[in-house]
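**Q** Data file input.json (JSON, C-alpha atoms and all ligand atoms) is appended below.
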[["chain", "number", "residue", "atom", "x", "y", "z"],
["A", 1, "MET", "CA", 7.32, 16.42, -2.38],
["A", 2, "LEU", "CA", 5.56, 14.39, -5.04],
["A", 3, "CYS", "CA", 8.05, 11.85, -6.35],
["A", 4, "PRO", "CA", 8.05, 9.27, -9.17],
["A", 5, "PHE", "CA", 6.88, 5.84, -7.99],
["A", 6, "ASN", "CA", 9.49, 4.04, -10.12],
["A", 7, "ARG", "CA", 12.39, 5.79, -8.49],
["A", 8, "LEU", "CA", 11.08, 5.15, -4.98],
["A", 9, "LEU", "CA", 10.77, 1.44, -5.69],
["A", 10, "LYS", "CA", 14.02, 1.05, -7.63],
["A", 11, "ASP", "CA", 15.93, 2.75, -4.79],
["A", 12, "ALA", "CA", 14.21, 0.52, -2.23],
["A", 13, "LEU", "CA", 15.00, -2.64, -4.20],
["A", 14, "LYS", "CA", 18.64, -1.65, -4.53],
["A", 15, "GLU", "CA", 18.92, -0.79, -0.84],
["A", 16, "HIS", "CA", 17.12, -3.93, 0.42],
["A", 17, "ARG", "CA", 14.24, -2.10, 2.05],
["A", 18, "ALA", "CA", 10.57, -1.61, 1.20],
["A", 19, "VAL", "CA", 8.47, 1.52, 0.80],
["A", 20, "GLY", "CA", 5.37, 1.50, 3.00],
["A", 21, "ALA", "CA", 2.19, 2.14, 1.00],
["A", 22, "PHE", "CA", -0.46, 3.29, 3.44],
["A", 23, "ASN", "CA", -4.15, 3.41, 2.56],
["A", 24, "VAL", "CA", -5.88, 6.60, 3.66],
["A", 25, "GLY", "CA", -9.56, 6.94, 4.56],
["A", 26, "ASN", "CA", -9.68, 10.33, 6.23],
["A", 27, "LEU", "CA", -7.71, 13.36, 7.34],
["A", 28, "GLU", "CA", -6.63, 11.92, 10.70],
["A", 29, "MET", "CA", -5.07, 8.91, 8.95],
["A", 30, "LEU", "CA", -3.27, 11.17, 6.51],
["A", 31, "LEU", "CA", -1.87, 13.40, 9.27],
["A", 32, "GLY", "CA", -0.60, 10.41, 11.27],
["A", 33, "ILE", "CA", 1.07, 8.81, 8.23],
["A", 34, "ILE", "CA", 2.79, 12.02, 7.10],
["A", 35, "LYS", "CA", 3.98, 12.75, 10.66],
["A", 36, "ALA", "CA", 5.57, 9.28, 10.93],
["A", 37, "ALA", "CA", 7.16, 9.54, 7.47],
["A", 38, "GLU", "CA", 8.57, 13.02, 8.07],
["A", 39, "GLU", "CA", 9.87, 12.20, 11.52],
["A", 40, "SER", "CA", 11.68, 9.11, 10.22],
["A", 41, "GLN", "CA", 12.67, 10.91, 6.99],
["A", 42, "THR", "CA", 11.31, 8.01, 4.98],
["A", 43, "PRO", "CA", 9.48, 8.15, 1.64],
["A", 44, "VAL", "CA", 5.95, 6.73, 1.62],
["A", 45, "ILE", "CA", 3.15, 5.99, -0.82],
["A", 46, "LEU", "CA", -0.33, 7.33, -0.03],
["A", 47, "GLN", "CA", -3.11, 5.34, -1.62],
["A", 48, "ILE", "CA", -6.82, 4.68, -1.75],
["A", 49, "ALA", "CA", -8.58, 1.67, -3.27],
["A", 50, "GLU", "CA", -11.38, 2.17, -5.77],
["A", 51, "LYS", "CA", -13.71, 0.15, -3.52],
["A", 52, "ARG", "CA", -13.31, 2.78, -0.78],
["A", 53, "PHE", "CA", -14.77, 5.65, -2.81],
["A", 54, "THR", "CA", -18.18, 5.07, -1.15],
["A", 55, "HIS", "CA", -16.74, 6.17, 2.21],
["A", 56, "SER", "CA", -14.01, 8.51, 0.93],
["A", 57, "PRO", "CA", -15.21, 10.06, -2.35],
["A", 58, "LEU", "CA", -12.37, 10.33, -4.86],
["A", 59, "GLU", "CA", -13.00, 13.98, -5.71],
["A", 60, "TYR", "CA", -12.64, 14.88, -2.00],
["A", 61, "ILE", "CA", -9.78, 12.62, -0.97],
["A", 62, "ALA", "CA", -7.57, 12.93, -4.07],
["A", 63, "PRO", "CA", -6.84, 16.67, -3.64],
["A", 64, "MET", "CA", -6.06, 15.99, 0.04],
["A", 65, "LEU", "CA", -3.55, 13.23, -0.77],
["A", 66, "HIS", "CA", -2.02, 15.27, -3.57],
["A", 67, "ALA", "CA", -1.66, 18.39, -1.39],
["A", 68, "ALA", "CA", -0.07, 16.34, 1.40],
["A", 69, "ALA", "CA", 2.42, 14.85, -1.08],
["A", 70, "MET", "CA", 3.32, 18.28, -2.52],
["A", 71, "ARG", "CA", 3.86, 19.83, 0.93],
["A", 72, "ALA", "CA", 5.60, 16.87, 2.64],
["A", 73, "LYS", "CA", 9.24, 17.20, 3.66],
["A", 74, "ILE", "CA", 9.85, 13.66, 2.37],
["A", 75, "GLU", "CA", 9.23, 12.01, -1.01],
["A", 76, "VAL", "CA", 5.70, 10.76, -1.56],
["A", 77, "ALA", "CA", 3.91, 8.99, -4.43],
["A", 78, "VAL", "CA", 0.10, 8.91, -4.65],
["A", 79, "GLU", "CA", -1.53, 5.72, -5.93],
["A", 80, "LEU", "CA", -4.94, 4.49, -6.97],
["A", 81, "ASP", "CA", -4.98, 1.07, -5.27],
["A", 82, "HIS", "CA", -6.93, -1.79, -6.91],
["A", 83, "GLY", "CA", -8.14, 0.27, -9.83],
["A", 84, "CYS", "CA", -10.57, -1.91, -11.74],
["A", 85, "SER", "CA", -11.99, 0.31, -14.47],
["A", 86, "LEU", "CA", -10.42, 2.54, -17.09],
["A", 87, "PHE", "CA", -12.95, 5.20, -16.08],
["A", 88, "ASN", "CA", -11.56, 5.38, -12.52],
["A", 89, "VAL", "CA", -7.96, 5.08, -13.71],
["A", 90, "ARG", "CA", -8.49, 8.20, -15.85],
["A", 91, "ARG", "CA", -10.31, 10.05, -13.03],
["A", 92, "ALA", "CA", -7.42, 9.33, -10.65],
["A", 93, "MET", "CA", -4.80, 10.51, -13.17],
["A", 94, "ASP", "CA", -6.82, 13.68, -13.82],
["A", 95, "LEU", "CA", -6.73, 14.35, -10.07],
["A", 96, "GLY", "CA", -2.93, 14.05, -9.85],
["A", 97, "PHE", "CA", -2.26, 10.43, -8.85],
["A", 98, "ASN", "CA", 1.17, 9.55, -10.19],
["A", 99, "THR", "CA", 0.81, 5.78, -9.96],
["A", 100, "ILE", "CA", -2.02, 3.37, -10.70],
["A", 101, "MET", "CA", -2.44, -0.18, -9.46],
["A", 102, "PHE", "CA", -4.52, -2.04, -12.01],
["A", 103, "ASP", "CA", -5.96, -5.25, -10.60],
["A", 104, "GLY", "CA", -6.46, -7.74, -13.41],
["A", 105, "SER", "CA", -5.91, -10.71, -11.09],
["A", 106, "MET", "CA", -9.44, -12.03, -11.66],
["A", 107, "TYR", "CA", -8.64, -12.76, -15.32],
["A", 108, "PRO", "CA", -6.76, -15.73, -16.78],
["A", 109, "VAL", "CA", -3.11, -14.72, -17.23],
["A", 110, "GLU", "CA", -3.27, -13.94, -20.98],
["A", 111, "LYS", "CA", -6.23, -11.60, -20.50],
["A", 112, "ASN", "CA", -4.58, -10.10, -17.39],
["A", 113, "ILE", "CA", -1.51, -9.35, -19.56],
["A", 114, "SER", "CA", -3.53, -7.76, -22.39],
["A", 115, "GLU", "CA", -5.75, -5.69, -20.05],
["A", 116, "THR", "CA", -2.75, -4.56, -17.98],
["A", 117, "ARG", "CA", -0.87, -3.58, -21.16],
["A", 118, "LYS", "CA", -3.80, -1.45, -22.32],
["A", 119, "ILE", "CA", -3.88, 0.41, -19.01],
["A", 120, "ALA", "CA", -0.07, 0.67, -18.88],
["A", 121, "ASP", "CA", 0.03, 2.21, -22.37],
["A", 122, "GLU", "CA", -2.41, 4.86, -21.22],
["A", 123, "THR", "CA", -0.75, 5.60, -17.85],
["A", 124, "HIS", "CA", 2.77, 5.63, -19.32],
["A", 125, "ALA", "CA", 1.66, 8.08, -22.02],
["A", 126, "ARG", "CA", 0.84, 10.45, -19.15],
["A", 127, "GLY", "CA", 4.04, 9.73, -17.18],
["A", 128, "VAL", "CA", 2.12, 7.69, -14.58],
["A", 129, "ALA", "CA", 3.49, 4.38, -13.26],
["A", 130, "LEU", "CA", 1.59, 1.10, -13.30],
["A", 131, "GLU", "CA", 1.46, -1.70, -10.71],
["A", 132, "ALA", "CA", -0.09, -5.02, -11.81],
["A", 133, "GLU", "CA", -1.31, -8.03, -9.82],
["A", 134, "ILE", "CA", -1.08, -11.77, -10.33],
["A", 135, "GLY", "CA", -2.70, -14.55, -8.26],
["A", 136, "ILE", "CA", -5.48, -14.17, -5.77],
["A", 137, "VAL", "CA", -4.63, -12.13, -2.67],
["A", 138, "GLY", "CA", -7.14, -13.46, -0.15],
["A", 139, "GLY", "CA", -9.49, -11.57, 2.16],
["A", 140, "SER", "CA", -11.31, -8.54, 0.83],
["A", 141, "GLU", "CA", -10.40, -5.05, -0.35],
["A", 142, "GLY", "CA", -14.05, -4.05, 0.14],
["A", 143, "GLY", "CA", -15.47, -6.68, -2.24],
["A", 144, "ALA", "CA", -16.17, -10.41, -1.97],
["A", 145, "ASP", "CA", -14.14, -12.50, 0.48],
["A", 146, "LEU", "CA", -11.56, -14.55, -1.41],
["A", 147, "THR", "CA", -9.39, -17.46, -0.36],
["A", 148, "ALA", "CA", -5.68, -16.77, -0.82],
["A", 149, "ASN", "CA", -4.36, -18.55, -3.89],
["A", 150, "CYS", "CA", -0.65, -18.35, -4.72],
["A", 151, "ALA", "CA", 0.27, -17.30, -8.25],
["A", 152, "SER", "CA", 2.25, -19.82, -10.32],
["A", 153, "LEU", "CA", 5.86, -18.97, -11.13],
["A", 154, "SER", "CA", 5.14, -19.10, -14.86],
["A", 155, "ASP", "CA", 2.23, -16.64, -14.50],
["A", 156, "ILE", "CA", 4.36, -14.27, -12.40],
["A", 157, "VAL", "CA", 7.10, -14.34, -15.03],
["A", 158, "ALA", "CA", 4.61, -13.93, -17.90],
["A", 159, "LEU", "CA", 2.84, -10.91, -16.39],
["A", 160, "GLY", "CA", 6.06, -9.42, -15.04],
["A", 161, "SER", "CA", 7.84, -9.59, -18.40],
["A", 162, "LYS", "CA", 5.01, -8.99, -20.90],
["A", 163, "SER", "CA", 2.65, -6.43, -19.37],
["A", 164, "SER", "CA", 5.12, -3.50, -19.18],
["A", 165, "CYS", "CA", 4.18, -3.02, -15.52],
["A", 166, "ASP", "CA", 6.57, -1.07, -13.28],
["A", 167, "ALA", "CA", 5.90, -3.18, -10.18],
["A", 168, "LEU", "CA", 4.09, -6.46, -9.61],
["A", 169, "ALA", "CA", 1.88, -7.49, -6.69],
["A", 170, "ILE", "CA", 2.16, -11.24, -6.30],
["A", 171, "ALA", "CA", -0.06, -13.55, -4.28],
["A", 172, "ILE", "CA", 2.16, -15.71, -2.05],
["A", 173, "GLY", "CA", -0.41, -16.66, 0.60],
["A", 174, "ASN", "CA", -1.12, -13.08, 1.72],
["A", 175, "ALA", "CA", -4.63, -11.71, 2.35],
["A", 176, "HIS", "CA", -6.32, -8.36, 2.86],
["A", 177, "GLY", "CA", -7.94, -7.60, 6.20],
["A", 178, "HIS", "CA", -7.52, -9.73, 9.33],
["A", 179, "TYR", "CA", -5.91, -13.13, 8.74],
["A", 180, "LYS", "CA", -8.02, -16.06, 9.91],
["A", 181, "GLY", "CA", -4.91, -17.87, 11.21],
["A", 182, "ILE", "CA", -1.16, -17.21, 11.16],
["A", 183, "PRO", "CA", -0.20, -16.09, 7.63],
["A", 184, "LYS", "CA", 2.09, -18.54, 5.84],
["A", 185, "LEU", "CA", 3.93, -16.83, 3.02],
["A", 186, "ASN", "CA", 5.43, -18.93, 0.23],
["A", 187, "PHE", "CA", 9.01, -17.63, 0.40],
["A", 188, "ASP", "CA", 10.22, -20.36, -1.93],
["A", 189, "LEU", "CA", 7.96, -19.00, -4.70],
["A", 190, "LEU", "CA", 9.00, -15.42, -3.93],
["A", 191, "GLU", "CA", 12.68, -16.34, -4.12],
["A", 192, "LYS", "CA", 12.28, -18.11, -7.46],
["A", 193, "ALA", "CA", 10.30, -15.17, -8.86],
["A", 194, "HIS", "CA", 12.91, -12.68, -7.64],
["A", 195, "ASN", "CA", 15.77, -14.74, -9.10],
["A", 196, "THR", "CA", 13.97, -14.81, -12.46],
["A", 197, "LEU", "CA", 13.00, -11.11, -12.50],
["A", 198, "PRO", "CA", 15.64, -9.51, -10.25],
["A", 199, "ASP", "CA", 15.02, -5.93, -11.43],
["A", 200, "LEU", "CA", 11.23, -5.92, -11.08],
["A", 201, "PRO", "CA", 10.04, -4.56, -7.71],
["A", 202, "PHE", "CA", 7.48, -6.91, -6.13],
["A", 203, "VAL", "CA", 4.62, -5.69, -3.96],
["A", 204, "LEU", "CA", 3.21, -7.40, -0.87],
["A", 205, "HIS", "CA", -0.48, -6.66, -0.35],
["A", 206, "GLY", "CA", -2.32, -7.58, 2.84],
["A", 207, "GLY", "CA", 0.43, -6.31, 5.12],
["A", 208, "THR", "CA", -1.70, -6.15, 8.29],
["A", 209, "GLY", "CA", -1.05, -9.23, 10.44],
["A", 210, "ILE", "CA", 2.26, -10.27, 8.84],
["A", 211, "SER", "CA", 5.03, -10.61, 11.42],
["A", 212, "PRO", "CA", 8.03, -8.27, 11.48],
["A", 213, "ALA", "CA", 10.36, -11.23, 10.78],
["A", 214, "ASP", "CA", 8.32, -12.23, 7.72],
["A", 215, "PHE", "CA", 8.32, -8.63, 6.44],
["A", 216, "ARG", "CA", 12.11, -8.55, 6.70],
["A", 217, "LYS", "CA", 12.48, -11.92, 4.99],
["A", 218, "ALA", "CA", 10.15, -10.86, 2.15],
["A", 219, "ILE", "CA", 12.23, -7.68, 1.69],
["A", 220, "THR", "CA", 15.41, -9.72, 1.23],
["A", 221, "LEU", "CA", 13.60, -11.64, -1.54],
["A", 222, "GLY", "CA", 12.54, -8.70, -3.72],
["A", 223, "ILE", "CA", 9.53, -7.12, -1.99],
["A", 224, "ALA", "CA", 10.05, -3.36, -2.42],
["A", 225, "LYS", "CA", 6.54, -2.06, -1.56],
["A", 226, "ILE", "CA", 4.30, -3.22, 1.28],
["A", 227, "ASN", "CA", 0.62, -2.24, 1.54],
["A", 228, "ILE", "CA", -0.90, -1.47, 4.93],
["A", 229, "ALA", "CA", -4.58, -0.58, 5.27],
["A", 230, "THR", "CA", -6.42, -2.46, 8.03],
["A", 231, "ALA", "CA", -3.81, -1.72, 10.72],
["A", 232, "ASN", "CA", -4.47, 2.01, 10.38],
["A", 233, "PHE", "CA", -8.25, 1.61, 10.05],
["A", 234, "ASP", "CA", -8.04, -0.37, 13.31],
["A", 235, "ALA", "CA", -5.87, 2.35, 14.84],
["A", 236, "ILE", "CA", -8.63, 4.90, 14.22],
["A", 237, "VAL", "CA", -11.27, 2.64, 15.78],
["A", 238, "THR", "CA", -9.06, 1.84, 18.79],
["A", 239, "ALA", "CA", -8.28, 5.52, 19.33],
["A", 240, "SER", "CA", -12.03, 6.34, 19.33],
["A", 241, "MET", "CA", -12.84, 3.56, 21.78],
["A", 242, "GLN", "CA", -9.98, 4.45, 24.12],
["A", 243, "TYR", "CA", -10.92, 8.12, 24.02],
["A", 244, "ALA", "CA", -14.57, 7.34, 24.81],
["A", 245, "GLU", "CA", -13.51, 5.13, 27.72],
["A", 246, "LYS", "CA", -11.04, 7.54, 29.28],
["A", 247, "SER", "CA", -13.02, 10.79, 28.94],
["A", 248, "ALA", "CA", -16.08, 11.88, 30.90],
["A", 249, "PRO", "CA", -19.11, 12.43, 28.61],
["A", 250, "LEU", "CA", -19.28, 16.18, 29.17],
["A", 251, "SER", "CA", -15.56, 16.72, 28.58],
["A", 252, "ARG", "CA", -15.46, 14.93, 25.21],
["A", 253, "ASN", "CA", -14.62, 17.01, 22.18],
["A", 254, "TYR", "CA", -13.74, 16.33, 18.57],
["A", 255, "PHE", "CA", -10.33, 18.01, 18.67],
["A", 256, "ALA", "CA", -9.01, 15.80, 21.48],
["A", 257, "LEU", "CA", -10.39, 12.77, 19.63],
["A", 258, "ASN", "CA", -8.69, 13.94, 16.42],
["A", 259, "GLU", "CA", -5.34, 14.15, 18.24],
["A", 260, "ASN", "CA", -5.80, 10.66, 19.68],
["A", 261, "MET", "CA", -6.57, 9.25, 16.25],
["A", 262, "VAL", "CA", -3.58, 10.96, 14.61],
["A", 263, "GLU", "CA", -1.30, 9.69, 17.40],
["A", 264, "GLN", "CA", -2.52, 6.10, 17.10],
["A", 265, "VAL", "CA", -2.05, 6.10, 13.30],
["A", 266, "TYR", "CA", 1.37, 7.72, 13.72],
["A", 267, "ASN", "CA", 2.49, 4.97, 16.14],
["A", 268, "THR", "CA", 1.24, 2.18, 13.86],
["A", 269, "THR", "CA", 2.78, 3.72, 10.75],
["A", 270, "LEU", "CA", 6.12, 4.47, 12.41],
["A", 271, "ALA", "CA", 6.48, 0.87, 13.62],
["A", 272, "HIS", "CA", 5.86, -0.41, 10.07],
["A", 273, "ILE", "CA", 8.25, 2.12, 8.56],
["A", 274, "LYS", "CA", 11.03, 1.06, 10.96],
["A", 275, "ILE", "CA", 10.52, -2.59, 10.01],
["A", 276, "PHE", "CA", 10.41, -1.82, 6.28],
["A", 277, "ASN", "CA", 13.55, 0.37, 6.45],
["A", 278, "ASN", "CA", 15.42, -2.80, 7.43],
["A", 279, "GLN", "CA", 18.00, -1.10, 9.63],
["A", 280, "GLU", "CA", 17.03, -1.21, 13.29],
["A", 281, "PRO", "CA", 17.05, -4.61, 15.06],
["A", 282, "LEU", "CA", 13.50, -5.97, 15.31],
["A", 283, "ASP", "CA", 13.59, -6.31, 19.09],
["A", 284, "SER", "CA", 14.14, -2.53, 19.39],
["A", 285, "ILE", "CA", 10.91, -1.76, 17.50],
["A", 286, "LYS", "CA", 7.64, -1.48, 19.44],
["A", 287, "PHE", "CA", 5.18, -3.29, 17.15],
["B", 301, "LIG", "P1", -4.34, -4.86, 4.70],
["B", 301, "LIG", "O1", -5.67, -4.22, 4.85],
["B", 301, "LIG", "O2", -4.38, -6.31, 5.03],
["B", 301, "LIG", "O3", -3.27, -4.14, 5.43],
["B", 301, "LIG", "O4", -3.97, -4.81, 3.14],
["B", 301, "LIG", "C1", -3.74, -3.59, 2.52],
["B", 301, "LIG", "C2", -3.65, -3.75, 1.07],
["B", 301, "LIG", "O5", -3.08, -4.66, 0.55],
["B", 301, "LIG", "C3", -4.26, -2.69, 0.24],
["B", 301, "LIG", "O6", -4.18, -2.97, -1.11]]
Could you write out this file's structure as structure tokens?
Ligand code: 13P

**A**
Amino acid sequence: MLCPFNRLLKDALKEHRAVGAFNVGNLEMLLGIIKAAEESQTPVILQIAEKRFTHSPLEYIAPMLHAAAMRAKIEVAVELDHGCSLFNVRRAMDLGFNTIMFDGSMYPVEKNISETRKIADETHARGVALEAEIGIVGGSEGGADLTANCASLSDIVALGSKSSCDALAIAIGNAHGHYKGIPKLNFDLLEKAHNTLPDLPFVLHGGTGISPADFRKAITLGIAKINIATANFDAIVTASMQYAEKSAPLSRNYFALNENMVEQVYNTTLAHIKIFNNQEPLDSIKF
């Protein structure tokens, strides 16, 4: 069922776990994510970034995400990820998204605060939650490639306390896409930020490539939402390649390929969910 974003994150923060926020590009990804969430009886967030509308048009994908959330046997929130314009924020709310991530991280902090506040006033008036971002998360969410640049503690505290955001994505050395080396998260900064704003759920973007141990450590320091996109995009590509390799040309059919894709996304999502739930020992999870 569709569920308020704030409650999902507040519960997670209190229970020292994180909600997986999985980006969706197509139906096979959606089916695999919902199957993993229902089987593990774990709430999830379904999301799509504004930059992905070229490949997954908003007017097509939004009703699909919303319908999946309404029908799911677990609690689901639906988010516009990296919303950059008020125009798209409004379009997403009109189509039933119940949380918006506004990315003002390219602005100096004071402008980030004022722009985020403007968006938050509008989303809150419609009962829609707002996630903000501070610092430069490296890599690319479909745009230019950026070098990871940690936020300063004072900027985190300023945006977290003055923008009226419901959750805050903070750059602590994380990056979207495939990491060029081994990711090195600044846990010291995360701990200080969490100690200063203990009730504000923090969000870790760029989840693909972060180790299970680092996920668990980040969760103990206030990360209550973790974004995963590339791992499931890769799962779809891997499933296609494996299917092409194992099947004879004349026996290939879309429906078998669909099942392989759903299964691969399900496996990837389930592994992340088990890590984020922070209950099972890490060595028992196939990752
Ligand atoms: P990855 O693609 O690195 O998993 O990052 C996802 C993300 O942060 C979406 O906002």

**Q** Hey, what's within 7 Å of segment 228-245 of chain A if we count all atoms listed in the file and toss same-chain stuff fewer than 6 positions away? As a list in words, please?

**A**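 Non-adjacent residues within range: Ala21, Phe22, Asn23, Gly177, Gly206, Gly207, Thr208, Leu257, Asn260, Met261, Gln264, Val265 and Thr268 of chain A.
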
**Q** Which residue, A:Thr42, A:Asn88, A:Ser56, A:Asn278, has the smallest gap to Glu75 of chain A when you use only C-alpha atoms?

**A**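 Between A:Thr42, A:Asn88, A:Ser56, A:Asn278, the residue approaching Glu75 of chain A most closely is A:Thr42.
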
**Q** Draw an axis-aligned box tight on the listed atoms of ligand LIG 301 (chain B), then pad every side by 6 Å and write out centre and edge lengths in Å to one decimal as lines of an AutoDock Vina configuration file.

**A**
center_x = -4.4
center_y = -4.5
center_z = 2.2
size_x = 14.6
size_y = 15.6
size_z = 18.5

**Q** Restricting the calculation to all atoms listed in the file, which member of A:Ile223, A:Ala67, A:Val109, A:Leu200 is positioned closest to Ser164 of chain A?

**A**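 Residue with the minimum atom-to-atom distance to Ser164 of chain A: A:Leu200.
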
**Q** Could you work out how far atom CA of Cys165 of chain A lies from atom CA of Leu2 of chain A, giving the answer in Å with one decimal?

**A**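 These atoms are spaced 20.4 Å apart.
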
**Q** Have a look at atom CA of Ala69 of chain A and atom CA of Leu204 of chain A and let me know their distance in Å, one decimal.

**A**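 Interatomic distance here is 22.3 Å.
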
**Q** Which of these, A:Val76, A:Met64, A:Ala37, A:Ile226, has the shortest distance to ligand LIG 301 (chain B) once you count all atoms listed in the file?

**A**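 Ranked by minimum distance to ligand LIG 301 (chain B), first place goes to A:Ile226.
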
**Q** In terms of the shortest atom-to-atom distance over all atoms listed in the file, which of A:Leu65, A:Ile100, A:Ala77, A:Ala49 is closest to ligand LIG 301 (chain B)?

**A**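 Looking at the shortest contact to ligand LIG 301 (chain B), the residue is A:Ala49.
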
**Q** Rank nothing, just name the residue among A:Asp103, A:Asp188, A:Asp121, A:Glu115 nearest to ligand LIG 301 (chain B), using all atoms listed in the file.

**A** A:Asp103

**Q** Would you compute the distance between atom CA of Ile156 of chain A and atom CA of Glu110 of chain A? Give it in Å to one decimal.

**A**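 Spanning atom CA of Ile156 of chain A to atom CA of Glu110 of chain A is a straight-line distance of 11.5 Å.
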